[in-house]
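Engineer: My file is protein.cif. It has mmCIF, C-alpha atoms:
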```cif
data_run
#
loop_
_atom_site.label_atom_id
_atom_site.label_comp_id
_atom_site.auth_asym_id
_atom_site.auth_seq_id
_atom_site.Cartn_x
_atom_site.Cartn_y
_atom_site.Cartn_z
CA MET A 1 -49.92 -40.64 -11.40
CA THR A 2 -47.46 -39.21 -13.94
CA TRP A 3 -44.01 -40.64 -14.57
CA ARG A 4 -42.49 -37.49 -13.04
CA SER A 5 -44.31 -38.08 -9.77
CA LEU A 6 -43.30 -41.74 -9.87
CA ILE A 7 -39.64 -40.76 -10.16
CA CYS A 8 -40.03 -38.28 -7.29
CA SER A 9 -41.67 -40.91 -5.11
CA SER A 10 -38.94 -43.43 -5.92
CA TRP A 11 -36.16 -41.04 -4.98
CA LEU A 12 -37.94 -40.07 -1.75
CA ALA A 13 -38.23 -43.73 -0.81
CA LEU A 14 -34.55 -44.25 -1.64
CA ALA A 15 -33.51 -41.25 0.45
CA ALA A 16 -35.47 -42.54 3.43
CA ALA A 17 -33.68 -45.90 3.23
CA LEU A 18 -30.15 -44.46 3.07
CA PRO A 19 -27.89 -43.04 5.78
CA THR A 20 -28.56 -39.38 6.53
CA HIS A 21 -25.00 -38.17 5.92
CA ALA A 22 -24.56 -37.72 2.18
CA ALA A 23 -22.20 -35.53 0.20
CA ALA A 24 -20.65 -35.14 -3.24
CA VAL A 25 -17.88 -37.08 -4.95
CA THR A 26 -16.15 -34.86 -7.50
CA GLY A 27 -13.30 -35.27 -9.94
CA GLN A 28 -12.05 -34.88 -13.47
CA VAL A 29 -11.14 -37.27 -16.28
CA GLU A 30 -8.64 -36.80 -19.08
CA LEU A 31 -8.22 -38.99 -22.16
CA THR A 32 -4.73 -39.69 -23.50
CA ASN A 33 -3.21 -41.36 -26.58
CA SER A 34 -6.44 -40.84 -28.51
CA GLN A 35 -6.87 -40.89 -32.28
CA ASP A 36 -10.24 -39.16 -32.03
CA PRO A 37 -10.02 -35.58 -33.40
CA ALA A 38 -12.52 -34.34 -30.80
CA VAL A 39 -10.11 -35.43 -28.06
CA HIS A 40 -6.70 -34.34 -29.31
CA LYS A 41 -7.90 -31.16 -31.04
CA ARG A 42 -10.71 -29.92 -28.77
CA LYS A 43 -9.90 -31.70 -25.49
CA ASP A 44 -13.37 -33.26 -25.45
CA TYR A 45 -13.37 -35.68 -22.51
CA SER A 46 -17.10 -36.34 -22.44
CA GLY A 47 -18.83 -39.72 -22.42
CA VAL A 48 -16.93 -41.50 -19.63
CA VAL A 49 -19.30 -43.31 -17.26
CA ILE A 50 -18.35 -43.33 -13.57
CA TRP A 51 -20.30 -45.08 -10.84
CA LEU A 52 -19.95 -46.11 -7.20
CA GLU A 53 -20.91 -49.59 -5.99
CA PRO A 54 -21.31 -49.88 -2.19
CA VAL A 55 -18.98 -52.37 -0.49
CA ASP A 56 -20.50 -54.99 1.85
CA ARG A 57 -24.00 -53.59 1.73
CA THR A 58 -26.93 -53.34 -0.64
CA VAL A 59 -28.97 -50.27 -1.48
CA PRO A 60 -32.38 -49.88 -3.14
CA ILE A 61 -32.25 -48.83 -6.78
CA PRO A 62 -34.71 -46.05 -7.74
CA SER A 63 -37.48 -47.18 -10.07
CA GLY A 64 -39.12 -45.21 -12.85
CA VAL A 65 -35.92 -43.42 -13.96
CA HIS A 66 -36.02 -42.24 -17.59
CA ALA A 67 -33.21 -41.09 -19.88
CA ARG A 68 -33.58 -39.67 -23.38
CA MET A 69 -31.47 -40.59 -26.41
CA GLU A 70 -32.63 -38.72 -29.50
CA GLN A 71 -32.16 -39.81 -33.10
CA ARG A 72 -31.22 -36.55 -34.73
CA ASP A 73 -29.25 -35.72 -37.91
CA LYS A 74 -28.50 -39.46 -38.26
CA HIS A 75 -26.87 -39.55 -34.83
CA PHE A 76 -27.87 -40.78 -31.39
CA VAL A 77 -27.79 -37.75 -29.07
CA PRO A 78 -26.27 -37.96 -26.54
CA HIS A 79 -23.87 -40.67 -27.63
CA VAL A 80 -23.63 -42.08 -24.09
CA VAL A 81 -26.33 -42.26 -21.41
CA ALA A 82 -26.28 -43.98 -18.03
CA ILE A 83 -29.25 -45.29 -16.05
CA PRO A 84 -29.71 -47.46 -12.97
CA THR A 85 -30.90 -51.05 -13.36
CA GLY A 86 -34.61 -51.00 -14.17
CA GLY A 87 -34.40 -47.59 -15.83
CA THR A 88 -35.92 -46.74 -19.21
CA VAL A 89 -34.41 -45.02 -22.23
CA ASP A 90 -36.71 -43.19 -24.64
CA PHE A 91 -35.57 -43.14 -28.28
CA PRO A 92 -37.48 -40.33 -30.05
CA ASN A 93 -36.99 -40.10 -33.82
CA LEU A 94 -36.51 -36.39 -34.56
CA ASP A 95 -35.29 -36.91 -38.13
CA PRO A 96 -37.56 -36.59 -41.21
CA ILE A 97 -36.68 -40.21 -42.06
CA PHE A 98 -37.25 -43.66 -40.59
CA HIS A 99 -34.95 -45.29 -38.02
CA ASN A 100 -34.63 -48.75 -36.42
CA ALA A 101 -32.68 -48.71 -33.15
CA PHE A 102 -31.47 -52.12 -31.99
CA SER A 103 -28.85 -53.95 -29.95
CA THR A 104 -27.65 -57.53 -30.23
CA PHE A 105 -25.18 -57.24 -27.35
CA ALA A 106 -25.46 -59.22 -24.13
CA GLY A 107 -26.26 -56.19 -21.96
CA GLN A 108 -29.84 -56.47 -23.22
CA PRO A 109 -30.73 -57.31 -26.81
CA PHE A 110 -33.66 -55.34 -28.24
CA ASP A 111 -35.12 -54.36 -31.59
CA LEU A 112 -37.47 -51.38 -31.80
CA GLY A 113 -38.34 -52.07 -35.42
CA LEU A 114 -38.83 -49.47 -38.10
CA TYR A 115 -40.55 -46.31 -36.91
CA GLN A 116 -41.45 -43.04 -38.51
CA PRO A 117 -40.41 -39.44 -37.81
CA ILE A 118 -41.69 -37.62 -34.71
CA THR A 119 -42.52 -40.83 -32.87
CA THR A 120 -40.89 -42.39 -29.82
CA LYS A 121 -40.18 -45.91 -28.65
CA SER A 122 -38.68 -46.94 -25.32
CA VAL A 123 -36.70 -49.77 -23.74
CA THR A 124 -36.55 -50.70 -20.05
CA PHE A 125 -33.20 -52.23 -19.05
CA ARG A 126 -33.60 -54.79 -16.29
CA ARG A 127 -30.04 -55.98 -15.75
CA PRO A 128 -26.71 -54.14 -15.48
CA GLY A 129 -24.31 -54.05 -18.40
CA ILE A 130 -23.04 -52.05 -21.35
CA VAL A 131 -25.53 -51.95 -24.21
CA ARG A 132 -24.23 -50.95 -27.64
CA VAL A 133 -26.97 -49.40 -29.75
CA PHE A 134 -27.10 -49.17 -33.56
CA CYS A 135 -29.54 -48.34 -36.36
CA GLN A 136 -30.50 -51.05 -38.82
CA ILE A 137 -30.79 -48.48 -41.64
CA HIS A 138 -27.79 -46.23 -41.00
CA SER A 139 -24.55 -48.09 -40.34
CA THR A 140 -22.73 -45.01 -39.00
CA MET A 141 -25.16 -44.53 -36.10
CA SER A 142 -23.99 -45.93 -32.77
CA ALA A 143 -24.43 -45.21 -29.07
CA ILE A 144 -23.89 -46.59 -25.57
CA VAL A 145 -26.38 -47.22 -22.77
CA ALA A 146 -24.58 -47.98 -19.50
CA VAL A 147 -26.90 -49.77 -17.06
CA VAL A 148 -25.38 -49.62 -13.58
CA PRO A 149 -26.42 -51.39 -10.32
CA THR A 150 -26.35 -48.27 -8.18
CA PRO A 151 -28.07 -44.90 -7.79
CA TRP A 152 -24.68 -43.10 -7.78
CA TYR A 153 -23.41 -42.55 -11.31
CA VAL A 154 -22.51 -39.84 -13.79
CA VAL A 155 -21.38 -39.29 -17.41
CA THR A 156 -18.53 -36.82 -17.80
CA LEU A 157 -18.95 -33.44 -19.45
CA GLU A 158 -16.76 -32.19 -22.30
CA SER A 159 -14.35 -30.74 -19.73
CA GLY A 160 -14.02 -34.17 -18.13
CA LYS A 161 -15.35 -32.83 -14.84
CA PHE A 162 -17.97 -34.77 -12.91
CA THR A 163 -19.98 -34.65 -9.69
CA ILE A 164 -21.88 -37.52 -8.09
CA ASN A 165 -24.27 -36.03 -5.55
CA ASN A 166 -25.94 -37.42 -2.43
CA VAL A 167 -23.39 -40.15 -1.76
CA PRO A 168 -23.67 -41.47 1.83
CA ALA A 169 -20.44 -41.85 3.78
CA GLY A 170 -18.93 -45.30 3.41
CA ASP A 171 -16.79 -47.60 1.31
CA TYR A 172 -17.33 -47.95 -2.44
CA GLN A 173 -15.83 -49.60 -5.47
CA LEU A 174 -15.14 -46.97 -8.10
CA ARG A 175 -16.15 -48.28 -11.54
CA LEU A 176 -15.43 -46.78 -14.97
CA TYR A 177 -16.44 -47.28 -18.58
CA HIS A 178 -15.03 -45.58 -21.65
CA GLU A 179 -15.93 -46.75 -25.13
CA ARG A 180 -12.41 -46.37 -26.53
CA ALA A 181 -10.45 -47.82 -23.60
CA VAL A 182 -9.40 -51.46 -23.47
CA GLN A 183 -10.54 -53.37 -20.42
CA GLU A 184 -7.04 -53.77 -18.99
CA ASN A 185 -6.59 -50.00 -18.82
CA ILE A 186 -9.96 -49.54 -17.11
CA ARG A 187 -9.35 -52.26 -14.52
CA PHE A 188 -6.05 -50.62 -13.58
CA LEU A 189 -7.92 -47.41 -12.68
CA GLU A 190 -10.80 -48.93 -10.74
CA GLN A 191 -10.26 -48.86 -7.00
CA ARG A 192 -11.87 -48.98 -3.58
CA ILE A 193 -12.54 -45.56 -2.09
CA THR A 194 -13.86 -44.27 1.22
CA VAL A 195 -16.29 -41.36 1.10
CA PRO A 196 -16.29 -39.27 4.31
CA GLU A 197 -19.31 -37.32 5.52
CA GLY A 198 -17.90 -34.13 4.01
CA GLY A 199 -17.58 -35.62 0.53
CA LEU A 200 -14.55 -36.56 -1.53
CA ALA A 201 -12.51 -34.90 -4.29
CA LEU A 202 -10.82 -37.60 -6.37
CA PRO A 203 -7.43 -37.06 -8.03
CA LEU A 204 -7.28 -36.69 -11.82
CA ILE A 205 -8.30 -39.90 -13.61
CA SER A 206 -6.18 -40.36 -16.75
CA ILE A 207 -7.63 -42.89 -19.19
CA SER A 208 -5.39 -44.07 -22.01
CA GLU A 209 -6.91 -45.12 -25.33
CA THR A 210 -3.77 -47.08 -26.22
CA GLY A 211 -4.67 -50.41 -27.78
CA TYR A 212 -8.14 -49.41 -28.92
CA VAL A 213 -8.99 -50.66 -32.42
CA PRO A 214 -12.42 -49.73 -33.80
CA GLN A 215 -14.38 -52.67 -35.15
CA PRO A 216 -17.18 -52.49 -37.74
CA HIS A 217 -20.50 -53.78 -36.45
CA LEU A 218 -23.02 -56.01 -38.17
CA ASN A 219 -26.71 -55.35 -38.72
CA LYS A 220 -29.41 -56.89 -36.53
CA TYR A 221 -29.36 -60.07 -38.61
CA GLY A 222 -25.64 -60.57 -37.97
CA LYS A 223 -24.71 -59.63 -41.54
CA PRO A 224 -22.68 -56.75 -43.04
CA TYR A 225 -24.60 -53.64 -43.96
CA ALA A 226 -25.64 -53.29 -47.59
CA PRO A 227 -23.48 -50.83 -49.59
CA ASP A 228 -26.45 -48.49 -50.05
CA GLY A 229 -26.82 -48.25 -46.28
CA GLY A 230 -30.32 -49.58 -45.75
CA THR A 231 -32.89 -52.26 -46.20
CA TYR A 232 -35.79 -49.79 -46.25
CA LYS A 233 -36.26 -47.35 -49.13
CA GLY A 234 -39.70 -45.90 -48.46
CA GLY A 235 -38.89 -43.32 -45.79
CA GLY A 236 -35.68 -41.85 -47.14
CA GLN A 237 -32.09 -42.48 -46.19
#
```
Using the file provided, produce a representation of the structure as structure tokens.
Structural biologist:
Amino acid sequence: MTWRSLICSSWLALAAALPTHAAAVTGQVELTNSQDPAVHKRKDYSGVVIWLEPVDRTVPIPSGVHARMEQRDKHFVPHVVAIPTGGTVDFPNLDPIFHNAFSTFAGQPFDLGLYQPITTKSVTFRRPGIVRVFCQIHSTMSAIVAVVPTPWYVVTLESGKFTINNVPAGDYQLRLYHERAVQENIRFLEQRITVPEGGLALPLISISETGYVPQPHLNKYGKPYAPDGGTYKGGGQ
């Protein structure tokens, strides 16, 4: 059985276990007080993770879900992906040089080791949390994997618009994550919502980046990056 058929089977099993009345939750996000040129010059509101956690009930999480985060032009693309607990992220190296994706954060530490161009390695994330991903060779490479305990989630587009499909009617806790928002600002926006059978259009969600201070990260050994940018010279920089 292929992984595609496994995903299909998982979603069919999930659908059978959920209430029959399901609709869409839609909305739009804007980012304010940002120092990022992509935001204040191009109105790029992408990369905000939004998910719905059911209140007072549990739901099965689909298994076999895959997301793809490419290493391309010394960047992780896309910069933010979201998956349900138990999902897998594939990290193909599409550059003509070596990479070493890793994370030392509590969401789920991992180290894929050094691997060559046009190869892929994968990580399965078995507990919810925010995983910050870096490259051991290239200090400027960073990304986010948001592992959420629900099948209802989305990452915003550049316009800030989003749609979460197939949400059964009921009560949910609306959760948010944005890389450049301090936790106090996010908690203020999170709220309990009720999704009717016809779906729900949320009001504009305005996320302030006030108070965000970027912090340099360390390499996988907990040390500053070398000035030349890498510990491996054989595959190019």
Engineer: Where does stretch 129-152 of chain A meet stretch 104-123 of chain A within 8 Å, residue by residue, with the nearest atom pair and distance in Å to one decimal for each, counting only C-alpha atoms, listed by chain and rising number, as a tab-separated table?
Structural biologist:
```
residue	atom	partner	partner_atom	distance
A:Gly129	CA	A:Gly107	CA	4.6
A:Ile130	CA	A:Gly107	CA	5.3
A:Val131	CA	A:Gly107	CA	4.9
A:Arg132	CA	A:Phe105	CA	6.4
```
Engineer: When you count only C-alpha atoms, which of these residues is closest to A:Arg187: A:Lys161, A:Gln173, A:Leu200, A:Ala22?
Structural biologist: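 Looking only at the distances to A:Arg187, the closest residue turns out to be A:Gln173.
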Engineer: Hey, can you pull every residue with an atom no more than 9 Å from (-26.4, -53.0, -7.5), using only C-alpha atoms, and send it as a list in words?
Structural biologist: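 The requested residues, written out, are Glu53, Pro54, Thr58, Val59, Pro60, Ile61, Pro84, Thr85, Pro128, Val148, Pro149, Thr150 and Pro151 of chain A.
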Engineer: Starting from the displayed file, determine the output of the PyMOL selection byres ((chain A and resi 94) around 10) and express the residue list as a PyMOL selection string.
Structural biologist: chain A and resi 70-74+91-93+95-99+116-120
Engineer: Quick one: residues within 8 Å of A:Trp152, all atoms listed in the file counted, chain neighbours fewer than 3 positions away excluded, as a VMD selection string?
Structural biologist: chain A and resid 51 to 53 164 to 167
Engineer: Hey, what comes out of the PyMOL selection byres ((chain A and resi 136-141) around 12) on this file? Could you write it as a compact mmCIF listing (two decimals) with C-alpha atoms, in the frame of the given file?
Structural biologist:
```txt
# COMPACT_ATOMS: atom_id res chain seq x y z
CA GLU A 70 -32.63 -38.72 -29.50
CA GLN A 71 -32.16 -39.81 -33.10
CA ARG A 72 -31.22 -36.55 -34.73
CA ASP A 73 -29.25 -35.72 -37.91
CA LYS A 74 -28.50 -39.46 -38.26
CA HIS A 75 -26.87 -39.55 -34.83
CA PHE A 76 -27.87 -40.78 -31.39
CA VAL A 77 -27.79 -37.75 -29.07
CA PRO A 78 -26.27 -37.96 -26.54
CA HIS A 79 -23.87 -40.67 -27.63
CA ILE A 97 -36.68 -40.21 -42.06
CA PHE A 98 -37.25 -43.66 -40.59
CA HIS A 99 -34.95 -45.29 -38.02
CA ASN A 100 -34.63 -48.75 -36.42
CA ALA A 101 -32.68 -48.71 -33.15
CA PHE A 102 -31.47 -52.12 -31.99
CA SER A 103 -28.85 -53.95 -29.95
CA THR A 104 -27.65 -57.53 -30.23
CA PHE A 110 -33.66 -55.34 -28.24
CA ASP A 111 -35.12 -54.36 -31.59
CA LEU A 112 -37.47 -51.38 -31.80
CA GLY A 113 -38.34 -52.07 -35.42
CA LEU A 114 -38.83 -49.47 -38.10
CA TYR A 115 -40.55 -46.31 -36.91
CA ARG A 132 -24.23 -50.95 -27.64
CA VAL A 133 -26.97 -49.40 -29.75
CA PHE A 134 -27.10 -49.17 -33.56
CA CYS A 135 -29.54 -48.34 -36.36
CA SER A 142 -23.99 -45.93 -32.77
CA ALA A 143 -24.43 -45.21 -29.07
CA ILE A 144 -23.89 -46.59 -25.57
CA GLN A 215 -14.38 -52.67 -35.15
CA PRO A 216 -17.18 -52.49 -37.74
CA HIS A 217 -20.50 -53.78 -36.45
CA LEU A 218 -23.02 -56.01 -38.17
CA ASN A 219 -26.71 -55.35 -38.72
CA LYS A 220 -29.41 -56.89 -36.53
CA TYR A 221 -29.36 -60.07 -38.61
CA GLY A 222 -25.64 -60.57 -37.97
CA LYS A 223 -24.71 -59.63 -41.54
CA PRO A 224 -22.68 -56.75 -43.04
CA TYR A 225 -24.60 -53.64 -43.96
CA ALA A 226 -25.64 -53.29 -47.59
CA PRO A 227 -23.48 -50.83 -49.59
CA ASP A 228 -26.45 -48.49 -50.05
CA GLY A 229 -26.82 -48.25 -46.28
CA GLY A 230 -30.32 -49.58 -45.75
CA THR A 231 -32.89 -52.26 -46.20
CA TYR A 232 -35.79 -49.79 -46.25
CA LYS A 233 -36.26 -47.35 -49.13
CA GLY A 234 -39.70 -45.90 -48.46
CA GLY A 235 -38.89 -43.32 -45.79
CA GLY A 236 -35.68 -41.85 -47.14
CA GLN A 237 -32.09 -42.48 -46.19
```
Engineer: Which residues are close to stretch 182-184 of chain A, i.e. within 10 Å by all atoms listed in the file, leaving aside same-chain residues fewer than 5 positions away? Reply as a VMD selection string.
Structural biologist: chain A and resid 176 to 177 189 207 to 213
Engineer: Compile the contact shell of A:Val154 as a PyMOL selection string: residues with an atom at most 9 Å away, counting all atoms listed in the file, same-chain residues fewer than 3 positions apart removed.
Structural biologist: chain A and resi 48-51+81-83+162-164
Engineer: If the PyMOL selection byres ((chain A and resi 31) around 7) were run on this exact file, what residues would it hold? Put them as a ChimeraX atom specification.
Structural biologist: /A:29-30,32,34,45,206-208
Engineer: In Å, how far is it from atom CA of A:Arg175 to atom CA of A:Thr26?
Structural biologist: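 Between atom CA of A:Arg175 and atom CA of A:Thr26 the gap is 14.0 Å.
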Engineer: Can you measure atom CA of A:Val55 to atom CA of A:Tyr172 for me? One decimal in Å is fine.
Structural biologist: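 Spanning atom CA of A:Val55 to atom CA of A:Tyr172 is a straight-line distance of 5.1 Å.
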